[in-house]
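Enquirer: Let me give you the structure first, and then I'll get to my questions.
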Amino acid sequence: MTPPDYFSRDRRWHPPAFTPDYKTSVSRSPRLPLLSLENTASEITGPTFAPTDIAEGDNDLLTNFARDGGSPIGERILLHGRVLDENARPVPNTLVEIWQANASGRYRHKKDGYLGALDPNFGGCGRVLTDDNGAYAFRTVKPGAYPWRNGINDWRPAHIHVSVFGSAFAQRLITQLYFEGDPLIARCPIVSTIPDPAAVQQLIARLDMNETRPLDMIAYRFDIVLRGRRSTMFENRMEGN
Amino acid sequence: MTSLKETPSQTAGPYVHIGLAPGAAGFDIYETELGQDIAGPEAKGQRIRIEGRVLDGTGTPLKDVLIEVWQANAKGIYAHRETPQPEGEPQQVEAGFRGWGRVISDFDTGDWQFETVKPGPVRRRDSRMMAPHINLWIVARGINLGLNTRLYFEEERKANDNDPVLKLIEQTGRRHTLLARTQDQANTGTVETPSVYRFDIHLQGPDETVFFDI
């Protein structure tokens, strides 16, 4: 049996490599065309993860770095959603990793020297495996906006970085989610690397009052879509149809 | 059937380590840091170390890059249920062989390295064999969508000459950008002293590495 191919990537939906308004891309963007490859075993396989790879509580950024019962400063949020493929099928048991600045816009990284204060109770990373329905959830705080050296007065909108595996190396994806209603989204040179405004909308986590926990956490919903794959023709039936 | 659009990519930014390799970012938070061991001690085959740098268009090494490695074992089998099954061979790989790893560059020099076993040739669905290769996925600040490339081995001349992917590169003068160069011919590649290869990746310029739309 031959496993089915993945759909080719719609590169007009993704940001191109060379985006001069985001200055760092200028010297880091390949200038020659990419070589198009048919899927082989090298692309349709990928690393798999088991519950033993991670610990329970790795997805709780309110507690996974907190000391002595302390709690991070900031707006407490529940970030949740589903990982689906382009056929709208759930992607179960896949690793989702996130990282972010704290509520003052400062990252816990030895290279971040921003004025915003470090929070002793906030590490800023989390990870989880999706369940059978492709669902995932994190508890965290809403990150702060921060300035960066691109234009002299450029500020990143509040954002969380998201890394997802899927079940094939061809599906590997890193992106960033933004928060509904943030006026900095439209002004961000990194957001603006994406040419299609409809694609930008796909990166905005939506306020979800139904999942908001009263007197505890505001909820945001962010669904992630990975590349889908064609159906496989078997002798007597179509797989997945 | 419902059809959705893939979530658009965004740069991993300069602080990708916080999320994917927090130990390197300067804090221990998880019991297990993922991607630290590509081929465990029970994996068979020649032990190798790859050393390299990722260079930008000005020739400056990237000091904030993260590379993910994905490879087959010495018999050409991936640690994945959909790996094509060689004739009469059980599909599973050795215990502790994961074939996947995360590699980051030194924050001061941009040098990176990883140790593994040399992969075997991998069969394509048209039955042609691909020369031994390691798949690489490169993310960093300024890279808007992760870059895919492959590392092949310089000394596999015959297999490389017949490799269906290398042969796709029309500009034959660019094929060398995918070849890792042996640093020590005399070395046999034991666990203690692995054979050493050099592989530099050029994001732009006259030696721009061949990147793939996979």
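Going through the structure tokens in order, the chains are called A, B, and so on, while each chain numbers its residues from 1 and the ligands are numbered from 1 in the order shown.
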With 6 Å as the limit and counting only C-alpha atoms, what residues in chain A lie close to chain B? Please list them as a CSV table (one decimal) with C-alpha atoms, in the first residue's frame.
Expert:
```
chain,number,residue,atom,x,y,z
A,14,HIS,CA,2.1,31.9,3.6
A,17,ALA,CA,10.7,34.6,2.3
A,24,THR,CA,15.8,40.6,9.3
A,25,SER,CA,14.2,38.7,6.4
A,27,SER,CA,19.6,38.8,4.4
A,28,ARG,CA,18.0,35.5,5.6
A,30,PRO,CA,16.7,32.4,-0.2
A,34,LEU,CA,12.6,26.2,-4.2
A,35,LEU,CA,13.0,22.8,-5.7
A,36,SER,CA,9.6,21.1,-5.8
A,37,LEU,CA,9.7,17.6,-4.5
A,40,THR,CA,8.7,10.4,-0.5
A,45,THR,CA,7.0,10.3,7.9
A,86,GLU,CA,-7.2,20.8,5.5
A,87,ASN,CA,-9.8,18.1,5.2
A,88,ALA,CA,-11.2,19.3,8.6
A,98,ILE,CA,4.0,27.4,22.9
A,99,TRP,CA,6.2,30.1,24.1
A,109,HIS,CA,15.7,34.3,27.6
A,125,CYS,CA,6.6,27.9,27.7
A,174,ILE,CA,5.6,27.3,13.5
A,175,THR,CA,3.3,30.3,13.7
A,176,GLN,CA,2.1,33.0,16.1
A,224,ILE,CA,-4.8,25.3,13.9
A,225,VAL,CA,-4.9,23.8,10.4
A,226,LEU,CA,-2.1,21.6,9.1
A,227,ARG,CA,-1.7,20.3,5.6
```
Enquirer: As a VMD selection string, list the residues of range 117-174 of chain B assigned to alpha helix (DSSP H) by DSSP on the backbone atoms of this structure.
Expert: chain B and resid 157 to 161
Enquirer: How would the residues just chosen look if you wrote them out with C-alpha atoms as a PDB file, in the first residue's frame?
Expert:
```pdb
ATOM      1  CA  ARG B 157      29.389   9.062  -5.053  1.00  0.00           C
ATOM      2  CA  LYS B 158      27.579   6.266  -6.840  1.00  0.00           C
ATOM      3  CA  ALA B 159      24.401   6.536  -4.783  1.00  0.00           C
ATOM      4  CA  ASN B 160      24.421  10.328  -5.101  1.00  0.00           C
ATOM      5  CA  ASP B 161      24.845  10.115  -8.889  1.00  0.00           C
TER       6      ASP B 161
END
```
Enquirer: Write out as a ChimeraX atom specification which residues come within 10 Å of Pro195 in chain A when counting only C-alpha atoms, dropping same-chain ones fewer than 3 positions away.
Expert: /A:12-16,19,191-192,198-200
Enquirer: Take the residues from that selection and put them in a file with N, CA, C and O atoms, as a PDB file, in the first residue's frame.
Expert:
```pdb
ATOM      1  N   ARG A  12       1.071  31.156  -1.590  1.00  0.00           N
ATOM      2  CA  ARG A  12       0.523  32.519  -1.622  1.00  0.00           C
ATOM      3  C   ARG A  12      -0.229  32.849  -0.341  1.00  0.00           C
ATOM      4  O   ARG A  12      -0.575  33.991  -0.078  1.00  0.00           O
ATOM      5  N   TRP A  13      -0.532  31.836   0.419  1.00  0.00           N
ATOM      6  CA  TRP A  13      -1.233  32.006   1.702  1.00  0.00           C
ATOM      7  C   TRP A  13      -0.223  32.261   2.816  1.00  0.00           C
ATOM      8  O   TRP A  13      -0.515  32.898   3.818  1.00  0.00           O
ATOM      9  N   HIS A  14       0.972  31.728   2.662  1.00  0.00           N
ATOM     10  CA  HIS A  14       2.055  31.924   3.631  1.00  0.00           C
ATOM     11  C   HIS A  14       2.844  33.185   3.285  1.00  0.00           C
ATOM     12  O   HIS A  14       2.804  33.659   2.149  1.00  0.00           O
ATOM     13  N   PRO A  15       3.599  33.728   4.238  1.00  0.00           N
ATOM     14  CA  PRO A  15       4.463  34.861   3.880  1.00  0.00           C
ATOM     15  C   PRO A  15       5.588  34.412   2.956  1.00  0.00           C
ATOM     16  O   PRO A  15       6.146  33.329   3.152  1.00  0.00           O
ATOM     17  N   PRO A  16       5.942  35.233   1.952  1.00  0.00           N
ATOM     18  CA  PRO A  16       7.118  34.904   1.149  1.00  0.00           C
ATOM     19  C   PRO A  16       8.377  35.055   1.991  1.00  0.00           C
ATOM     20  O   PRO A  16       8.342  35.644   3.085  1.00  0.00           O
ATOM     21  N   THR A  19      10.732  39.778   2.669  1.00  0.00           N
ATOM     22  CA  THR A  19       9.718  40.752   3.074  1.00  0.00           C
ATOM     23  C   THR A  19      10.447  41.956   3.679  1.00  0.00           C
ATOM     24  O   THR A  19      10.645  42.013   4.898  1.00  0.00           O
ATOM     25  N   VAL A 191       3.394  40.557  11.168  1.00  0.00           N
ATOM     26  CA  VAL A 191       2.058  40.152  10.717  1.00  0.00           C
ATOM     27  C   VAL A 191       1.906  40.470   9.230  1.00  0.00           C
ATOM     28  O   VAL A 191       1.394  39.667   8.446  1.00  0.00           O
ATOM     29  N   SER A 192       2.408  41.660   8.843  1.00  0.00           N
ATOM     30  CA  SER A 192       2.222  42.128   7.459  1.00  0.00           C
ATOM     31  C   SER A 192       3.067  41.382   6.434  1.00  0.00           C
ATOM     32  O   SER A 192       2.943  41.649   5.242  1.00  0.00           O
ATOM     33  N   ALA A 198      -7.155  37.762   4.645  1.00  0.00           N
ATOM     34  CA  ALA A 198      -7.947  36.641   5.163  1.00  0.00           C
ATOM     35  C   ALA A 198      -7.045  35.645   5.897  1.00  0.00           C
ATOM     36  O   ALA A 198      -7.458  35.006   6.869  1.00  0.00           O
ATOM     37  N   ALA A 199      -5.802  35.521   5.435  1.00  0.00           N
ATOM     38  CA  ALA A 199      -4.863  34.622   6.115  1.00  0.00           C
ATOM     39  C   ALA A 199      -4.478  35.179   7.477  1.00  0.00           C
ATOM     40  O   ALA A 199      -4.322  34.437   8.455  1.00  0.00           O
ATOM     41  N   VAL A 200      -4.350  36.511   7.572  1.00  0.00           N
ATOM     42  CA  VAL A 200      -4.055  37.128   8.874  1.00  0.00           C
ATOM     43  C   VAL A 200      -5.182  36.826   9.863  1.00  0.00           C
ATOM     44  O   VAL A 200      -4.934  36.515  11.031  1.00  0.00           O
TER      45      VAL A 200
END
```
Enquirer: Please identify all polymer residues within 10 Å of Asp21 in chain A, counting only C-alpha atoms, omitting same-chain residues fewer than 3 positions from it, and present them as a PDB file with N, CA and C atoms, in the first residue's frame.
Expert:
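Final output, saved to result04.pdb:
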```pdb
ATOM      1  N   PHE A  18      11.175  36.773   1.292  1.00  0.00           N
ATOM      2  CA  PHE A  18      11.764  38.113   1.236  1.00  0.00           C
ATOM      3  C   PHE A  18      10.689  39.152   1.486  1.00  0.00           C
ATOM      4  N   THR A  24      14.906  41.807   9.129  1.00  0.00           N
ATOM      5  CA  THR A  24      15.778  40.636   9.285  1.00  0.00           C
ATOM      6  C   THR A  24      15.609  39.646   8.142  1.00  0.00           C
ATOM      7  N   SER A  25      14.463  39.677   7.476  1.00  0.00           N
ATOM      8  CA  SER A  25      14.248  38.706   6.394  1.00  0.00           C
ATOM      9  C   SER A  25      15.145  38.996   5.185  1.00  0.00           C
ATOM     10  N   VAL A  26      15.640  40.231   5.084  1.00  0.00           N
ATOM     11  CA  VAL A  26      16.337  40.628   3.854  1.00  0.00           C
ATOM     12  C   VAL A  26      17.574  39.769   3.607  1.00  0.00           C
ATOM     13  N   ASN A 150      13.122  47.187  14.678  1.00  0.00           N
ATOM     14  CA  ASN A 150      12.887  47.003  13.249  1.00  0.00           C
ATOM     15  C   ASN A 150      12.767  48.418  12.698  1.00  0.00           C
ATOM     16  N   GLY A 151      11.596  49.027  12.805  1.00  0.00           N
ATOM     17  CA  GLY A 151      11.488  50.483  12.744  1.00  0.00           C
ATOM     18  C   GLY A 151      11.828  50.996  14.139  1.00  0.00           C
ATOM     19  N   CYS A 188       1.864  45.713  12.602  1.00  0.00           N
ATOM     20  CA  CYS A 188       3.056  44.889  12.863  1.00  0.00           C
ATOM     21  C   CYS A 188       3.695  44.418  11.556  1.00  0.00           C
ATOM     22  N   PRO A 189       4.980  44.725  11.347  1.00  0.00           N
ATOM     23  CA  PRO A 189       5.655  44.289  10.118  1.00  0.00           C
ATOM     24  C   PRO A 189       5.767  42.762   9.988  1.00  0.00           C
ATOM     25  N   ILE A 190       5.769  42.058  11.096  1.00  0.00           N
ATOM     26  CA  ILE A 190       5.831  40.585  10.996  1.00  0.00           C
ATOM     27  C   ILE A 190       4.465  40.035  10.571  1.00  0.00           C
ATOM     28  N   SER A 192       2.408  41.660   8.843  1.00  0.00           N
ATOM     29  CA  SER A 192       2.222  42.128   7.459  1.00  0.00           C
ATOM     30  C   SER A 192       3.067  41.382   6.434  1.00  0.00           C
ATOM     31  N   THR A 193       3.907  40.445   6.876  1.00  0.00           N
ATOM     32  CA  THR A 193       4.586  39.601   5.890  1.00  0.00           C
ATOM     33  C   THR A 193       3.580  38.714   5.166  1.00  0.00           C
TER      34      THR A 193
END
```
Enquirer: Skip range 139-148 of chain A itself and residues of its chain fewer than 5 positions away, then list as a PyMOL selection string all residues within 6 Å of it, counting only C-alpha atoms.
Expert: chain A and resi 60-62+74-78+101-105+154-158
Enquirer: Hey, can you spit out that residue selection with C-alpha atoms as an mmCIF file, in the first residue's frame?
Expert:
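Output file selection04.cif follows:
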```
data_model
loop_
_atom_site.group_PDB
_atom_site.id
_atom_site.type_symbol
_atom_site.label_atom_id
_atom_site.label_comp_id
_atom_site.auth_asym_id
_atom_site.auth_seq_id
_atom_site.Cartn_x
_atom_site.Cartn_y
_atom_site.Cartn_z
ATOM 1 C CA ASP A 60 -0.157 24.947 32.702
ATOM 2 C CA LEU A 61 1.966 28.069 32.456
ATOM 3 C CA LEU A 62 0.258 29.446 35.575
ATOM 4 C CA GLY A 74 -1.264 39.248 34.458
ATOM 5 C CA GLU A 75 -4.576 38.516 32.889
ATOM 6 C CA ARG A 76 -5.234 34.790 33.343
ATOM 7 C CA ILE A 77 -6.333 33.108 30.135
ATOM 8 C CA LEU A 78 -7.445 29.707 28.940
ATOM 9 C CA ALA A 101 6.589 36.892 26.821
ATOM 10 C CA ASN A 102 5.169 37.559 30.272
ATOM 11 C CA ALA A 103 2.529 40.194 31.058
ATOM 12 C CA SER A 104 5.130 42.986 30.888
ATOM 13 C CA GLY A 105 6.343 41.913 27.450
ATOM 14 C CA ASP A 154 7.724 49.213 16.090
ATOM 15 C CA TRP A 155 5.799 47.254 18.732
ATOM 16 C CA ARG A 156 4.830 43.629 18.532
ATOM 17 C CA PRO A 157 1.165 42.996 19.267
ATOM 18 C CA ALA A 158 0.526 40.593 22.124
#
```
Enquirer: Would you mind listing what lies within 9 Å of Ser71 in chain A as number ranges by chain, with only C-alpha atoms counted and same-chain residues fewer than 5 positions away left out?
Expert: A: 62-63, 65-66, 120-122
Enquirer: Take the selection from the previous step and output its residues with N, CA, C and O atoms, as a PDB file, in the first residue's frame.
Expert:
```
ATOM      1  N   LEU A  62       0.520  28.750  34.310  1.00  0.00           N
ATOM      2  CA  LEU A  62       0.258  29.446  35.575  1.00  0.00           C
ATOM      3  C   LEU A  62       1.002  28.779  36.723  1.00  0.00           C
ATOM      4  O   LEU A  62       1.250  29.403  37.758  1.00  0.00           O
ATOM      5  N   THR A  63       1.345  27.501  36.549  1.00  0.00           N
ATOM      6  CA  THR A  63       1.983  26.787  37.662  1.00  0.00           C
ATOM      7  C   THR A  63       3.320  26.140  37.292  1.00  0.00           C
ATOM      8  O   THR A  63       4.086  25.788  38.186  1.00  0.00           O
ATOM      9  N   PHE A  65       6.136  27.042  36.310  1.00  0.00           N
ATOM     10  CA  PHE A  65       7.387  27.666  36.722  1.00  0.00           C
ATOM     11  C   PHE A  65       7.218  28.412  38.056  1.00  0.00           C
ATOM     12  O   PHE A  65       8.163  28.976  38.584  1.00  0.00           O
ATOM     13  N   ALA A  66       6.002  28.422  38.583  1.00  0.00           N
ATOM     14  CA  ALA A  66       5.721  29.208  39.793  1.00  0.00           C
ATOM     15  C   ALA A  66       6.411  28.599  41.017  1.00  0.00           C
ATOM     16  O   ALA A  66       6.577  27.388  41.101  1.00  0.00           O
ATOM     17  N   PRO A 120       9.061  36.306  38.460  1.00  0.00           N
ATOM     18  CA  PRO A 120       9.691  35.121  39.063  1.00  0.00           C
ATOM     19  C   PRO A 120       8.829  33.862  38.969  1.00  0.00           C
ATOM     20  O   PRO A 120       9.347  32.748  39.076  1.00  0.00           O
ATOM     21  N   ASN A 121       7.540  34.040  38.738  1.00  0.00           N
ATOM     22  CA  ASN A 121       6.642  32.886  38.705  1.00  0.00           C
ATOM     23  C   ASN A 121       6.212  32.495  37.295  1.00  0.00           C
ATOM     24  O   ASN A 121       5.263  31.733  37.131  1.00  0.00           O
ATOM     25  N   PHE A 122       6.897  33.039  36.303  1.00  0.00           N
ATOM     26  CA  PHE A 122       6.472  32.741  34.926  1.00  0.00           C
ATOM     27  C   PHE A 122       7.657  32.347  34.063  1.00  0.00           C
ATOM     28  O   PHE A 122       8.610  33.115  33.897  1.00  0.00           O
TER      29      PHE A 122
END
```
Enquirer: Counting only C-alpha atoms, which residue out of A:His80, A:Lys23, A:Arg206, A:Lys111 sits closest to Glu180 in chain A?
Expert: A:Arg206
Enquirer: Enumerate the residues of range 56-224 of chain A with a DSSP assignment of strand (DSSP E), computed from the backbone, and present them as a PyMOL selection string.
Expert: chain A and resi 76-85+95-100+125-129+135-141+146-148+154-156+159-164+173-179+204-207+218-221+224
Enquirer: What lies within 8 Å of Val196 in chain B using only C-alpha atoms, ignoring chain neighbours under 3 positions off, as a PyMOL selection string?
Expert: chain B and resi 48-51+182-184
